[in-house]
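Trainee: Take a look at this one; I'll ask things after.
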Amino acid sequence: MPRYFFHVHDGGSVPDDLGMNLPDIDAARSAAIELSCEILSSELIGPFQDHPSWRIEVSNSPELTSLPLFTLHFSVTQ
């Protein structure tokens, strides 16, 4: 089973050095969406407090410099 890593970038970077074993890329997309829901609903993090945009990059490597398999983008515009 492949391992996927969910790196969060919000003006800084939060690398995922553990990753998750998931059956396929569709399961990784679902996991990334679930993670984004947790971040968006977190009162502690406040994802748009300091930066108007952030993203989750999903890759098959714990290295931040690896090419993402896909990226979820979030932003607030006025």
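Quick note on naming: the chains in the structure tokens go A, B, ... in the order shown, residues restart at 1 in each chain, and ligands are numbered from 1 in order of appearance.
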Hey, what's within 6 Å of Phe74 (chain A) if we count only C-alpha atoms and toss same-chain stuff fewer than 2 positions away? As a list of chain:residue names, please?
Mentor: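 Using only C-alpha atoms, the neighbours found are A:Ser53, A:Trp54, A:Arg55.
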Trainee: List every residue of chain A that DSSP, applied to the backbone of this structure, places in helix (DSSP H, G or I), and write the result as a list in words.
Mentor: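 Everything in chain A that counts as helix (DSSP H, G or I) is Ile25, Asp26, Ala27, Ala28, Arg29, Ser30, Ala31, Ala32, Ile33, Glu34, Leu35, Ser36, Cys37, Glu38, Ile39, Leu40 and Ser41 of chain A.
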Trainee: Print the selection's residues with N, CA and C atoms to a file, as a short mmCIF file (atom, residue, chain, number, x, y, z; two decimals), in the first residue's frame.
Mentor:
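After the write, selection04.cif holds the following:
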```
data_model
loop_
_atom_site.label_atom_id
_atom_site.label_comp_id
_atom_site.auth_asym_id
_atom_site.auth_seq_id
_atom_site.Cartn_x
_atom_site.Cartn_y
_atom_site.Cartn_z
N ILE A 25 -4.66 6.87 -4.87
CA ILE A 25 -4.68 8.33 -4.88
C ILE A 25 -6.07 8.89 -4.58
N ASP A 26 -7.12 8.15 -4.92
CA ASP A 26 -8.47 8.61 -4.58
C ASP A 26 -8.66 8.65 -3.06
N ALA A 27 -8.13 7.67 -2.36
CA ALA A 27 -8.19 7.67 -0.90
C ALA A 27 -7.35 8.81 -0.33
N ALA A 28 -6.22 9.11 -0.98
CA ALA A 28 -5.39 10.23 -0.55
C ALA A 28 -6.13 11.55 -0.73
N ARG A 29 -6.87 11.69 -1.82
CA ARG A 29 -7.67 12.91 -2.03
C ARG A 29 -8.72 13.05 -0.93
N SER A 30 -9.38 11.98 -0.61
CA SER A 30 -10.38 12.01 0.46
C SER A 30 -9.74 12.39 1.79
N ALA A 31 -8.58 11.83 2.08
CA ALA A 31 -7.87 12.15 3.33
C ALA A 31 -7.44 13.61 3.36
N ALA A 32 -7.02 14.15 2.23
CA ALA A 32 -6.62 15.56 2.16
C ALA A 32 -7.82 16.48 2.38
N ILE A 33 -8.96 16.11 1.84
CA ILE A 33 -10.17 16.90 2.05
C ILE A 33 -10.57 16.85 3.52
N GLU A 34 -10.49 15.68 4.15
CA GLU A 34 -10.80 15.57 5.57
C GLU A 34 -9.85 16.42 6.40
N LEU A 35 -8.57 16.40 6.07
CA LEU A 35 -7.58 17.21 6.78
C LEU A 35 -7.90 18.69 6.63
N SER A 36 -8.26 19.11 5.43
CA SER A 36 -8.58 20.53 5.22
C SER A 36 -9.81 20.92 6.02
N CYS A 37 -10.78 20.03 6.14
CA CYS A 37 -11.97 20.32 6.96
C CYS A 37 -11.58 20.50 8.42
N GLU A 38 -10.67 19.67 8.91
CA GLU A 38 -10.19 19.81 10.29
C GLU A 38 -9.48 21.14 10.49
N ILE A 39 -8.65 21.51 9.53
CA ILE A 39 -7.92 22.78 9.63
C ILE A 39 -8.89 23.96 9.60
N LEU A 40 -9.84 23.92 8.66
CA LEU A 40 -10.79 25.03 8.52
C LEU A 40 -11.69 25.18 9.74
N SER A 41 -11.99 24.08 10.41
CA SER A 41 -12.88 24.16 11.56
C SER A 41 -12.13 24.36 12.88
#
```
Trainee: Would you kindly return, as a count of residues only, each protein, DNA or RNA residue with an atom no farther than 7 Å from any atom of region 11-21 of chain A, considering only C-alpha atoms and excluding same-chain residues fewer than 6 positions away?
Mentor: 8
Trainee: Which distance in Å separates CA of Ser75 (chain A) and CA of Pro52 (chain A), to one decimal?
Mentor: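 These two atoms are separated by 5.5 Å.
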Trainee: CA of Ser59 (chain A) to CA of His9 (chain A): how many Å, to one decimal?
Mentor: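 That distance, rounded to one decimal, is 13.2 Å.
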Trainee: Which is closest to Ile56 (chain A) among A:Val76, A:Leu69, A:Leu22, A:Val8, if we use only C-alpha atoms?
Mentor: A:Val8
Trainee: Could you check how far CA of Asp24 (chain A) sits from CA of Ser42 (chain A), in Å to one decimal?
Mentor: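 A separation of 27.2 Å between them.
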Trainee: How would you write, as a list in words, the set of residues in chain A that DSSP gives as strand (DSSP E)?
Mentor: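 Selection result, strand (DSSP E) within chain A: Arg3, Tyr4, Phe5, Phe6, His7, Val8, His9, Ser13, Val14, Met20, Asn21, Ser53, Trp54, Arg55, Ile56, Glu57, Val58, Ser59, Phe70, Thr71, Leu72, His73, Phe74 and Ser75 of chain A.
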Trainee: Keeping C-alpha atoms, export the residues of the selection given above as a CSV table (one decimal), in the first residue's frame.
Mentor:
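Output saved as out34.csv:
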```csv
chain,number,residue,atom,x,y,z
A,3,ARG,CA,2.3,6.0,1.7
A,4,TYR,CA,1.1,9.6,1.1
A,5,PHE,CA,2.4,12.7,2.8
A,6,PHE,CA,0.2,15.8,3.5
A,7,HIS,CA,2.4,18.9,3.7
A,8,VAL,CA,0.7,22.2,4.8
A,9,HIS,CA,1.9,25.5,3.5
A,13,SER,CA,5.6,25.0,5.9
A,14,VAL,CA,4.5,22.1,8.1
A,20,MET,CA,-0.5,7.6,5.8
A,21,ASN,CA,-0.7,4.2,4.1
A,53,SER,CA,-4.1,31.7,1.4
A,54,TRP,CA,-2.7,28.3,2.2
A,55,ARG,CA,-2.5,24.8,0.6
A,56,ILE,CA,-2.1,21.1,1.3
A,57,GLU,CA,0.4,19.4,-1.0
A,58,VAL,CA,0.1,15.6,-1.2
A,59,SER,CA,3.2,13.7,-2.3
A,70,PHE,CA,-1.8,17.0,-6.2
A,71,THR,CA,-2.5,20.2,-4.3
A,72,LEU,CA,-5.6,21.6,-2.5
A,73,HIS,CA,-5.6,25.5,-2.5
A,74,PHE,CA,-7.6,27.6,-0.1
A,75,SER,CA,-7.8,31.4,-0.2
```
